[in-house]
file work_22.txt (compact mmCIF, C-alpha atoms)
# COMPACT_ATOMS: atom_id res chain seq x y z
CA GLN A 18 34.24 -28.11 28.98
CA LYS A 19 31.03 -26.70 27.58
CA GLU A 20 31.05 -25.66 23.95
CA VAL A 21 29.81 -22.14 24.72
CA GLU A 22 30.16 -20.76 28.23
CA GLN A 23 28.61 -17.72 29.85
CA ASN A 24 28.32 -16.56 33.44
CA SER A 25 24.72 -17.13 34.48
CA GLY A 26 24.58 -13.92 36.51
CA PRO A 27 22.59 -12.08 37.49
CA LEU A 28 24.70 -9.15 36.38
CA SER A 29 23.32 -6.11 38.13
CA VAL A 30 24.17 -2.63 36.83
CA PRO A 31 22.73 0.81 37.57
CA GLU A 32 20.80 2.69 34.92
CA GLY A 33 23.13 4.60 32.61
CA ALA A 34 26.14 2.33 33.24
CA ILE A 35 27.91 0.04 30.80
CA ALA A 36 26.96 -3.63 31.00
CA SER A 37 29.66 -6.07 29.90
CA LEU A 38 28.64 -9.61 28.96
CA ASN A 39 31.20 -12.28 28.17
CA CYS A 40 31.25 -15.57 26.34
CA THR A 41 33.93 -18.16 25.58
CA TYR A 42 33.77 -21.01 23.10
CA SER A 43 35.75 -24.19 22.65
CA ASP A 44 35.85 -24.85 18.90
CA ARG A 45 38.64 -22.88 17.19
CA GLY A 46 36.95 -23.51 13.84
CA SER A 47 33.92 -21.44 14.83
CA GLN A 48 33.00 -18.95 12.15
CA SER A 49 30.04 -16.86 13.21
CA PHE A 50 29.02 -15.35 16.51
CA PHE A 51 25.73 -13.92 17.67
CA TRP A 52 24.11 -12.26 20.63
CA TYR A 53 20.43 -12.73 21.34
CA ARG A 54 18.24 -11.04 23.94
CA GLN A 55 15.45 -13.04 25.55
CA TYR A 56 12.84 -11.50 27.79
CA SER A 57 11.16 -13.82 30.27
CA GLY A 58 8.57 -15.99 28.55
CA LYS A 59 9.46 -14.68 25.10
CA SER A 60 11.53 -15.99 22.20
CA PRO A 61 15.14 -14.91 21.56
CA GLU A 62 15.70 -11.77 19.50
CA LEU A 63 18.88 -11.34 17.44
CA ILE A 64 20.64 -8.13 18.43
CA MET A 65 24.19 -8.51 17.10
CA SER A 66 26.21 -10.69 14.75
CA ILE A 67 29.98 -10.61 14.31
CA TYR A 68 32.17 -12.60 11.94
CA SER A 69 35.68 -11.12 12.13
CA ASN A 70 38.07 -10.07 14.88
CA GLY A 71 37.56 -6.64 16.40
CA ASP A 72 34.62 -4.50 17.38
CA LYS A 73 31.24 -4.03 15.75
CA GLU A 74 28.98 -1.24 16.94
CA ASP A 75 25.23 -0.87 16.49
CA GLY A 76 23.61 1.90 18.48
CA ARG A 77 24.20 1.28 22.19
CA PHE A 78 25.53 -2.23 21.52
CA THR A 79 29.12 -3.20 20.74
CA ALA A 80 30.17 -6.77 20.03
CA GLN A 81 33.82 -7.69 20.40
CA LEU A 82 35.46 -10.81 18.97
CA ASN A 83 38.89 -12.25 19.69
CA LYS A 84 39.30 -15.56 17.87
CA ALA A 85 42.81 -16.15 19.25
CA SER A 86 41.41 -16.09 22.79
CA GLN A 87 38.12 -17.73 21.71
CA TYR A 88 36.26 -14.93 23.37
CA VAL A 89 33.29 -12.79 22.37
CA SER A 90 31.68 -10.04 24.40
CA LEU A 91 28.76 -7.64 24.28
CA LEU A 92 28.86 -4.15 25.71
CA ILE A 93 25.64 -2.25 26.35
CA ARG A 94 26.20 1.46 26.85
CA ASP A 95 23.78 3.70 28.76
CA SER A 96 21.94 0.65 30.14
CA GLN A 97 18.21 1.05 30.59
CA PRO A 98 15.77 -0.93 32.76
CA SER A 99 14.26 -2.19 29.49
CA ASP A 100 17.59 -3.94 28.80
CA SER A 101 16.89 -6.27 31.72
CA ALA A 102 16.73 -9.69 30.08
CA THR A 103 18.76 -12.84 29.50
CA TYR A 104 21.47 -12.47 26.88
CA LEU A 105 22.38 -15.56 24.91
CA CYS A 106 25.70 -16.02 23.15
CA ALA A 107 25.51 -18.28 20.09
CA VAL A 108 28.33 -19.70 18.01
CA PHE A 109 28.08 -21.38 14.62
CA THR A 110 30.68 -24.04 14.12
CA GLY A 111 31.06 -26.02 10.93
CA GLY A 112 32.36 -28.98 12.88
CA TYR A 113 29.00 -29.43 14.53
CA ASN A 114 27.06 -27.89 11.63
CA LYS A 115 24.76 -26.07 14.00
CA LEU A 116 24.33 -22.97 16.11
CA ILE A 117 25.33 -23.66 19.71
CA PHE A 118 23.85 -21.48 22.44
CA GLY A 119 25.30 -20.65 25.80
CA ALA A 120 23.07 -20.92 28.84
CA GLY A 121 22.69 -17.14 28.96
CA THR A 122 23.56 -14.30 31.32
CA ARG A 123 20.74 -12.62 33.16
CA LEU A 124 21.13 -8.83 33.19
CA ALA A 125 19.28 -6.64 35.68
CA VAL A 126 19.42 -2.86 35.19
CA HIS A 127 18.16 -1.02 38.26
CA PRO A 128 17.02 2.62 38.31
CA GLU B 17 8.16 -8.09 6.26
CA ALA B 18 6.43 -10.82 8.23
CA GLY B 19 8.54 -12.70 10.73
CA VAL B 20 8.60 -16.37 11.59
CA THR B 21 5.18 -17.62 12.59
CA GLN B 22 4.34 -20.65 14.72
CA SER B 23 1.14 -22.41 15.63
CA PRO B 24 -0.43 -23.13 17.97
CA THR B 25 0.65 -20.70 20.69
CA HIS B 26 -0.18 -23.01 23.54
CA LEU B 27 -0.97 -26.70 23.73
CA ILE B 28 -1.91 -29.06 26.53
CA LYS B 29 -1.53 -32.78 25.94
CA THR B 30 -1.65 -35.94 27.98
CA ARG B 31 1.30 -38.28 28.41
CA GLY B 32 1.46 -40.81 25.57
CA GLN B 33 -0.31 -38.59 23.04
CA GLN B 34 1.19 -37.21 19.86
CA VAL B 35 1.55 -33.54 18.88
CA THR B 36 2.34 -31.59 15.71
CA LEU B 37 3.76 -28.08 15.79
CA ARG B 38 3.94 -25.84 12.74
CA CYS B 39 6.29 -23.12 11.56
CA SER B 40 6.41 -20.74 8.61
CA PRO B 41 9.77 -19.08 7.92
CA ILE B 42 10.51 -15.53 6.86
CA SER B 43 9.85 -15.07 3.16
CA GLY B 44 13.00 -15.93 1.20
CA HIS B 45 14.47 -18.10 3.96
CA THR B 46 14.91 -21.75 3.14
CA SER B 47 16.40 -23.05 6.41
CA VAL B 48 14.22 -23.90 9.38
CA TYR B 49 15.48 -24.90 12.81
CA TRP B 50 13.67 -26.35 15.79
CA TYR B 51 14.75 -25.89 19.41
CA GLN B 52 13.43 -27.00 22.77
CA GLN B 53 13.68 -24.72 25.79
CA ALA B 54 12.53 -26.32 29.02
CA LEU B 55 11.69 -23.98 31.89
CA GLY B 56 14.83 -22.39 33.28
CA LEU B 57 17.06 -24.26 30.85
CA GLY B 58 18.97 -23.31 27.74
CA LEU B 59 18.08 -23.75 24.10
CA GLN B 60 18.53 -27.33 22.94
CA PHE B 61 18.90 -27.90 19.22
CA LEU B 62 16.42 -30.38 17.78
CA LEU B 63 16.42 -30.33 13.97
CA TRP B 64 17.61 -28.34 10.95
CA TYR B 65 15.91 -28.47 7.55
CA ASP B 66 17.02 -26.78 4.38
CA GLU B 67 15.53 -27.13 0.91
CA GLY B 68 13.39 -29.98 2.16
CA GLU B 69 16.29 -32.02 3.53
CA GLU B 70 17.30 -32.73 7.12
CA ARG B 71 20.76 -31.14 7.52
CA ASN B 72 21.41 -31.93 11.16
CA ARG B 73 19.74 -33.45 14.17
CA GLY B 74 20.27 -32.85 17.86
CA ASN B 75 20.62 -35.42 20.61
CA PHE B 76 16.93 -36.27 20.91
CA PRO B 77 15.15 -39.64 20.64
CA PRO B 78 13.54 -40.71 17.34
CA ARG B 79 10.06 -39.87 18.63
CA PHE B 80 11.01 -36.29 17.78
CA SER B 81 10.74 -35.93 14.02
CA GLY B 82 9.85 -33.35 11.45
CA ARG B 83 9.71 -32.40 7.85
CA GLN B 84 9.91 -29.41 5.57
CA PHE B 85 7.45 -28.72 2.79
CA PRO B 86 8.12 -27.33 -0.70
CA ASN B 87 7.03 -23.87 0.50
CA TYR B 88 9.73 -24.17 3.24
CA SER B 89 7.25 -24.34 6.09
CA SER B 90 7.93 -27.08 8.59
CA GLU B 91 6.32 -29.41 11.09
CA LEU B 92 7.71 -30.87 14.28
CA ASN B 93 6.11 -34.09 15.44
CA VAL B 94 6.52 -35.55 18.90
CA ASN B 95 5.16 -39.02 19.55
CA ALA B 96 4.52 -40.77 22.84
CA LEU B 97 4.69 -37.57 24.84
CA GLU B 98 6.46 -37.65 28.19
CA LEU B 99 6.14 -35.21 31.08
CA GLU B 100 9.66 -33.90 30.43
CA ASP B 101 8.64 -32.83 26.93
CA SER B 102 6.88 -29.88 28.51
CA ALA B 103 8.76 -26.89 27.15
CA LEU B 104 8.74 -23.91 24.83
CA TYR B 105 9.35 -25.12 21.28
CA LEU B 106 11.00 -22.52 19.13
CA CYS B 107 11.31 -22.38 15.39
CA ALA B 108 13.88 -20.20 13.67
CA SER B 109 14.66 -19.48 10.04
CA SER B 110 17.67 -18.28 8.10
CA PRO B 111 18.68 -17.85 4.46
CA ARG B 112 19.87 -20.88 2.48
CA TRP B 113 22.58 -22.73 4.39
CA ASP B 114 25.32 -22.20 1.81
CA SER B 115 24.80 -18.42 1.78
CA LEU B 116 27.24 -18.36 4.72
CA THR B 117 24.79 -16.20 6.64
CA TYR B 118 23.88 -18.14 9.72
CA GLU B 119 21.75 -15.51 11.43
CA GLN B 120 18.66 -17.20 12.79
CA TYR B 121 15.41 -15.38 13.48
CA PHE B 122 13.02 -16.91 15.95
CA GLY B 123 9.27 -17.24 15.99
CA PRO B 124 7.20 -16.63 19.12
CA GLY B 125 7.25 -20.30 20.09
CA THR B 126 4.72 -22.94 21.05
CA ARG B 127 4.37 -23.69 24.74
CA LEU B 128 3.62 -27.36 25.22
CA THR B 129 2.41 -28.69 28.53
CA VAL B 130 2.23 -32.45 29.04
CA THR B 131 0.12 -33.66 31.95

call {"tool": "encode", "arguments": {"input": "work_22.txt", "output": "structure tokens"}}
result
Amino acid sequence: QKEVEQNSGPLSVPEGAIASLNCTYSDRGSQSFFWYRQYSGKSPELIMSIYSNGDKEDGRFTAQLNKASQYVSLLIRDSQPSDSATYLCAVFTGGYNKLIFGAGTRLAVHP
Amino acid sequence: EAGVTQSPTHLIKTRGQQVTLRCSPISGHTSVYWYQQALGLGLQFLLWYDEGEERNRGNFPPRFSGRQFPNYSSELNVNALELEDSALYLCASSPRWDSLTYEQYFGPGTRLTVT
């Protein structure tokens, strides 16, 4: 079992729809959870961080964390073509003392 | 506020050579991380420095090494380059490790090509 798992996609959604990206992790001791966006050929950009169970909203983005299910998700409302990118889930776990990245989900928003 | 900076942007080396990559963190950040991202692959953790000390190391051979300077900037050295070292090398920074804020901010990366 991988430490952080994401569907590779591509996830294709029409413009204006809600994109739902999911991530599961294996270490129950994980403390901090992050979503990064990476455009092709560019470096990852931090878009959301979440530390406690529940929802956290920032503009069109909502991160959801469920530690009991070891599950974290990212919702993008009113998706735009400019949201087309790879979204990386990252989990910090004290046991490994490092940030572990999933392989990423490629999102394609079509007009 | 200036972000993480890396140099050089691009680099072409020959197999067997050595390379040094440089990174300057965001002002006020003391932790620096190095990652390798080969084409089409995920981010692989290389090294973590904080306050001049190596805090953690990824599953890479010893020819990958680095250091952090008193001003918190960092170097990544790769000796005896191999073709599979061709990748985007990313540096990230975060506040001091015991601040319990593990948000990492990435620089633009150095693209290394080994021929």

call {"tool": "closest_atom_pairs", "arguments": {"input": "work_22.txt", "of": "chain B", "to": "chain A", "cutoff": "7 Å", "atoms": "only C-alpha atoms", "output": "CSV"}}
result
residue,atom,partner,partner_atom,distance
B:Gly58,CA,A:Ala120,CA,4.9
B:Leu59,CA,A:Phe118,CA,6.4
B:Asn72,CA,A:Asn114,CA,7.0
B:Tyr121,CA,A:Leu63,CA,6.6
B:Phe122,CA,A:Pro61,CA,6.3
B:Gly123,CA,A:Ser60,CA,6.7
B:Pro124,CA,A:Ser60,CA,5.4
B:Gly125,CA,A:Ser60,CA,6.4

call {"tool": "residues_around", "arguments": {"input": "work_22.txt", "residues": "Ser43 of chain A", "least_positions_apart": "5", "cutoff": "10 Å", "atoms": "only C-alpha atoms", "output": "number ranges by chain"}}
result
A: 18-22, 86-88, 108, 110

call {"tool": "write_last_selection", "arguments": {"input": "work_22.txt", "atoms": "C-alpha atoms", "output": "compact mmCIF listing (two decimals), in the coordinates of the input"}}
result
# COMPACT_ATOMS: atom_id res chain seq x y z
CA GLN A 18 34.24 -28.11 28.98
CA LYS A 19 31.03 -26.70 27.58
CA GLU A 20 31.05 -25.66 23.95
CA VAL A 21 29.81 -22.14 24.72
CA GLU A 22 30.16 -20.76 28.23
CA SER A 86 41.41 -16.09 22.79
CA GLN A 87 38.12 -17.73 21.71
CA TYR A 88 36.26 -14.93 23.37
CA VAL A 108 28.33 -19.70 18.01
CA THR A 110 30.68 -24.04 14.12

call {"tool": "closest_residue", "arguments": {"input": "work_22.txt", "among": "A:Ile35, A:Ile64, A:Ala80, A:Val126", "to": "Asp100 of chain A", "atoms": "all atoms listed in the file"}}
result
A:Val126

call {"tool": "residues_around", "arguments": {"input": "work_22.txt", "residues": "Ser90 of chain A", "least_positions_apart": "5", "cutoff": "10 Å", "atoms": "only C-alpha atoms", "output": "MDAnalysis selection string"}}
result
chainID A and resid 23 37:41 50:52 72 79:83 106

call {"tool": "closest_atom_pairs", "arguments": {"input": "work_22.txt", "of": "segment 69-94 of chain B", "to": "segment 45-51 of chain B", "cutoff": "8 Å", "atoms": "only C-alpha atoms", "output": "Markdown table"}}
result
| residue | atom | partner | partner_atom | distance |
| --- | --- | --- | --- | --- |
| B:Gln84 | CA | B:Val48 | CA | 8.0 |
| B:Tyr88 | CA | B:Thr46 | CA | 5.7 |
| B:Ser89 | CA | B:Val48 | CA | 7.7 |
| B:Ser90 | CA | B:Val48 | CA | 7.1 |
| B:Leu92 | CA | B:Trp50 | CA | 7.6 |

call {"tool": "closest_residue", "arguments": {"input": "work_22.txt", "among": "B:Thr25, B:Thr36, B:Ser43, B:Gln53", "to": "Arg83 of chain B", "atoms": "all atoms listed in the file"}}
result
B:Thr36

call {"tool": "atom_distance", "arguments": {"input": "work_22.txt", "atom1": "atom CA of Leu124 of chain A", "atom2": "atom CA of Ser101 of chain A"}}
result
5.2 Å

call {"tool": "residues_around", "arguments": {"input": "work_22.txt", "residues": "Leu99 of chain B", "least_positions_apart": "2", "cutoff": "12 Å", "atoms": "all atoms listed in the file", "output": "ChimeraX atom specification"}}
result
/B:28-33,54,96-97,101-103,128-131

call {"tool": "atom_distance", "arguments": {"input": "work_22.txt", "atom1": "atom CA of Leu55 of chain B", "atom2": "atom CA of Glu100 of chain B"}}
result
10.2 Å

call {"tool": "atom_distance", "arguments": {"input": "work_22.txt", "atom1": "atom CA of Leu91 of chain A", "atom2": "atom CA of Ala36 of chain A"}}
result
8.0 Å

call {"tool": "build_atoms", "arguments": {"input": "work_22.txt", "residues": "segment 86-118 of chain A", "atoms": "N, CA and C atoms", "output": "PDB file, in the frame of the given file"}}
result
ATOM      1  N   SER A  86      41.772 -15.779  21.402  1.00  0.00           N
ATOM      2  CA  SER A  86      41.410 -16.090  22.790  1.00  0.00           C
ATOM      3  C   SER A  86      40.100 -16.833  22.891  1.00  0.00           C
ATOM      4  N   GLN A  87      39.421 -17.036  21.742  1.00  0.00           N
ATOM      5  CA  GLN A  87      38.120 -17.730  21.710  1.00  0.00           C
ATOM      6  C   GLN A  87      37.147 -17.056  22.667  1.00  0.00           C
ATOM      7  N   TYR A  88      36.982 -15.782  22.434  1.00  0.00           N
ATOM      8  CA  TYR A  88      36.260 -14.930  23.370  1.00  0.00           C
ATOM      9  C   TYR A  88      35.419 -13.947  22.573  1.00  0.00           C
ATOM     10  N   VAL A  89      34.162 -13.799  22.984  1.00  0.00           N
ATOM     11  CA  VAL A  89      33.290 -12.790  22.370  1.00  0.00           C
ATOM     12  C   VAL A  89      32.525 -12.092  23.488  1.00  0.00           C
ATOM     13  N   SER A  90      32.355 -10.799  23.343  1.00  0.00           N
ATOM     14  CA  SER A  90      31.680 -10.040  24.400  1.00  0.00           C
ATOM     15  C   SER A  90      30.665  -9.090  23.796  1.00  0.00           C
ATOM     16  N   LEU A  91      29.779  -8.626  24.649  1.00  0.00           N
ATOM     17  CA  LEU A  91      28.760  -7.640  24.280  1.00  0.00           C
ATOM     18  C   LEU A  91      28.772  -6.534  25.315  1.00  0.00           C
ATOM     19  N   LEU A  92      28.942  -5.309  24.851  1.00  0.00           N
ATOM     20  CA  LEU A  92      28.860  -4.150  25.710  1.00  0.00           C
ATOM     21  C   LEU A  92      27.553  -3.412  25.426  1.00  0.00           C
ATOM     22  N   ILE A  93      26.858  -3.052  26.480  1.00  0.00           N
ATOM     23  CA  ILE A  93      25.640  -2.250  26.350  1.00  0.00           C
ATOM     24  C   ILE A  93      25.896  -0.935  27.061  1.00  0.00           C
ATOM     25  N   ARG A  94      25.956   0.141  26.280  1.00  0.00           N
ATOM     26  CA  ARG A  94      26.200   1.460  26.850  1.00  0.00           C
ATOM     27  C   ARG A  94      24.876   2.083  27.293  1.00  0.00           C
ATOM     28  N   ASP A  95      24.968   2.998  28.279  1.00  0.00           N
ATOM     29  CA  ASP A  95      23.780   3.700  28.760  1.00  0.00           C
ATOM     30  C   ASP A  95      22.638   2.704  29.029  1.00  0.00           C
ATOM     31  N   SER A  96      22.915   1.716  29.853  1.00  0.00           N
ATOM     32  CA  SER A  96      21.940   0.650  30.140  1.00  0.00           C
ATOM     33  C   SER A  96      20.634   1.223  30.660  1.00  0.00           C
ATOM     34  N   GLN A  97      19.545   0.642  30.188  1.00  0.00           N
ATOM     35  CA  GLN A  97      18.210   1.050  30.590  1.00  0.00           C
ATOM     36  C   GLN A  97      17.490  -0.110  31.266  1.00  0.00           C
ATOM     37  N   PRO A  98      16.538   0.172  32.134  1.00  0.00           N
ATOM     38  CA  PRO A  98      15.770  -0.930  32.760  1.00  0.00           C
ATOM     39  C   PRO A  98      15.163  -1.877  31.725  1.00  0.00           C
ATOM     40  N   SER A  99      14.827  -1.347  30.540  1.00  0.00           N
ATOM     41  CA  SER A  99      14.260  -2.190  29.490  1.00  0.00           C
ATOM     42  C   SER A  99      15.278  -3.169  28.898  1.00  0.00           C
ATOM     43  N   ASP A 100      16.560  -2.984  29.229  1.00  0.00           N
ATOM     44  CA  ASP A 100      17.590  -3.940  28.800  1.00  0.00           C
ATOM     45  C   ASP A 100      17.632  -5.169  29.695  1.00  0.00           C
ATOM     46  N   SER A 101      16.916  -5.131  30.797  1.00  0.00           N
ATOM     47  CA  SER A 101      16.890  -6.270  31.720  1.00  0.00           C
ATOM     48  C   SER A 101      16.299  -7.484  31.016  1.00  0.00           C
ATOM     49  N   ALA A 102      17.110  -8.499  30.844  1.00  0.00           N
ATOM     50  CA  ALA A 102      16.730  -9.690  30.080  1.00  0.00           C
ATOM     51  C   ALA A 102      17.861 -10.707  30.217  1.00  0.00           C
ATOM     52  N   THR A 103      17.673 -11.865  29.603  1.00  0.00           N
ATOM     53  CA  THR A 103      18.760 -12.840  29.500  1.00  0.00           C
ATOM     54  C   THR A 103      19.409 -12.702  28.142  1.00  0.00           C
ATOM     55  N   TYR A 104      20.731 -12.631  28.130  1.00  0.00           N
ATOM     56  CA  TYR A 104      21.470 -12.470  26.880  1.00  0.00           C
ATOM     57  C   TYR A 104      22.169 -13.780  26.541  1.00  0.00           C
ATOM     58  N   LEU A 105      21.866 -14.273  25.366  1.00  0.00           N
ATOM     59  CA  LEU A 105      22.380 -15.560  24.910  1.00  0.00           C
ATOM     60  C   LEU A 105      23.486 -15.348  23.882  1.00  0.00           C
ATOM     61  N   CYS A 106      24.609 -15.991  24.123  1.00  0.00           N
ATOM     62  CA  CYS A 106      25.700 -16.020  23.150  1.00  0.00           C
ATOM     63  C   CYS A 106      25.517 -17.266  22.299  1.00  0.00           C
ATOM     64  N   ALA A 107      25.671 -17.134  20.987  1.00  0.00           N
ATOM     65  CA  ALA A 107      25.510 -18.280  20.090  1.00  0.00           C
ATOM     66  C   ALA A 107      26.661 -18.322  19.101  1.00  0.00           C
ATOM     67  N   VAL A 108      27.160 -19.508  18.867  1.00  0.00           N
ATOM     68  CA  VAL A 108      28.330 -19.700  18.010  1.00  0.00           C
ATOM     69  C   VAL A 108      28.007 -20.733  16.945  1.00  0.00           C
ATOM     70  N   PHE A 109      28.264 -20.395  15.684  1.00  0.00           N
ATOM     71  CA  PHE A 109      28.080 -21.380  14.620  1.00  0.00           C
ATOM     72  C   PHE A 109      29.435 -22.006  14.317  1.00  0.00           C
ATOM     73  N   THR A 110      29.448 -23.336  14.398  1.00  0.00           N
ATOM     74  CA  THR A 110      30.680 -24.040  14.120  1.00  0.00           C
ATOM     75  C   THR A 110      30.430 -25.100  13.054  1.00  0.00           C
ATOM     76  N   GLY A 111      31.254 -25.063  12.016  1.00  0.00           N
ATOM     77  CA  GLY A 111      31.060 -26.020  10.930  1.00  0.00           C
ATOM     78  C   GLY A 111      31.244 -27.441  11.373  1.00  0.00           C
ATOM     79  N   GLY A 112      32.100 -27.629  12.387  1.00  0.00           N
ATOM     80  CA  GLY A 112      32.360 -28.980  12.880  1.00  0.00           C
ATOM     81  C   GLY A 112      31.112 -29.656  13.395  1.00  0.00           C
ATOM     82  N   TYR A 113      30.252 -28.896  14.014  1.00  0.00           N
ATOM     83  CA  TYR A 113      29.000 -29.430  14.530  1.00  0.00           C
ATOM     84  C   TYR A 113      27.837 -29.144  13.591  1.00  0.00           C
ATOM     85  N   ASN A 114      28.082 -28.240  12.617  1.00  0.00           N
ATOM     86  CA  ASN A 114      27.060 -27.890  11.630  1.00  0.00           C
ATOM     87  C   ASN A 114      25.774 -27.437  12.316  1.00  0.00           C
ATOM     88  N   LYS A 115      25.929 -26.620  13.336  1.00  0.00           N
ATOM     89  CA  LYS A 115      24.760 -26.070  14.000  1.00  0.00           C
ATOM     90  C   LYS A 115      25.155 -24.867  14.835  1.00  0.00           C
ATOM     91  N   LEU A 116      24.126 -24.120  15.234  1.00  0.00           N
ATOM     92  CA  LEU A 116      24.330 -22.970  16.110  1.00  0.00           C
ATOM     93  C   LEU A 116      24.250 -23.472  17.538  1.00  0.00           C
ATOM     94  N   ILE A 117      25.293 -23.214  18.326  1.00  0.00           N
ATOM     95  CA  ILE A 117      25.330 -23.660  19.710  1.00  0.00           C
ATOM     96  C   ILE A 117      25.139 -22.456  20.618  1.00  0.00           C
ATOM     97  N   PHE A 118      24.182 -22.569  21.535  1.00  0.00           N
ATOM     98  CA  PHE A 118      23.850 -21.480  22.440  1.00  0.00           C
ATOM     99  C   PHE A 118      24.485 -21.707  23.805  1.00  0.00           C
TER     100      PHE A 118
END
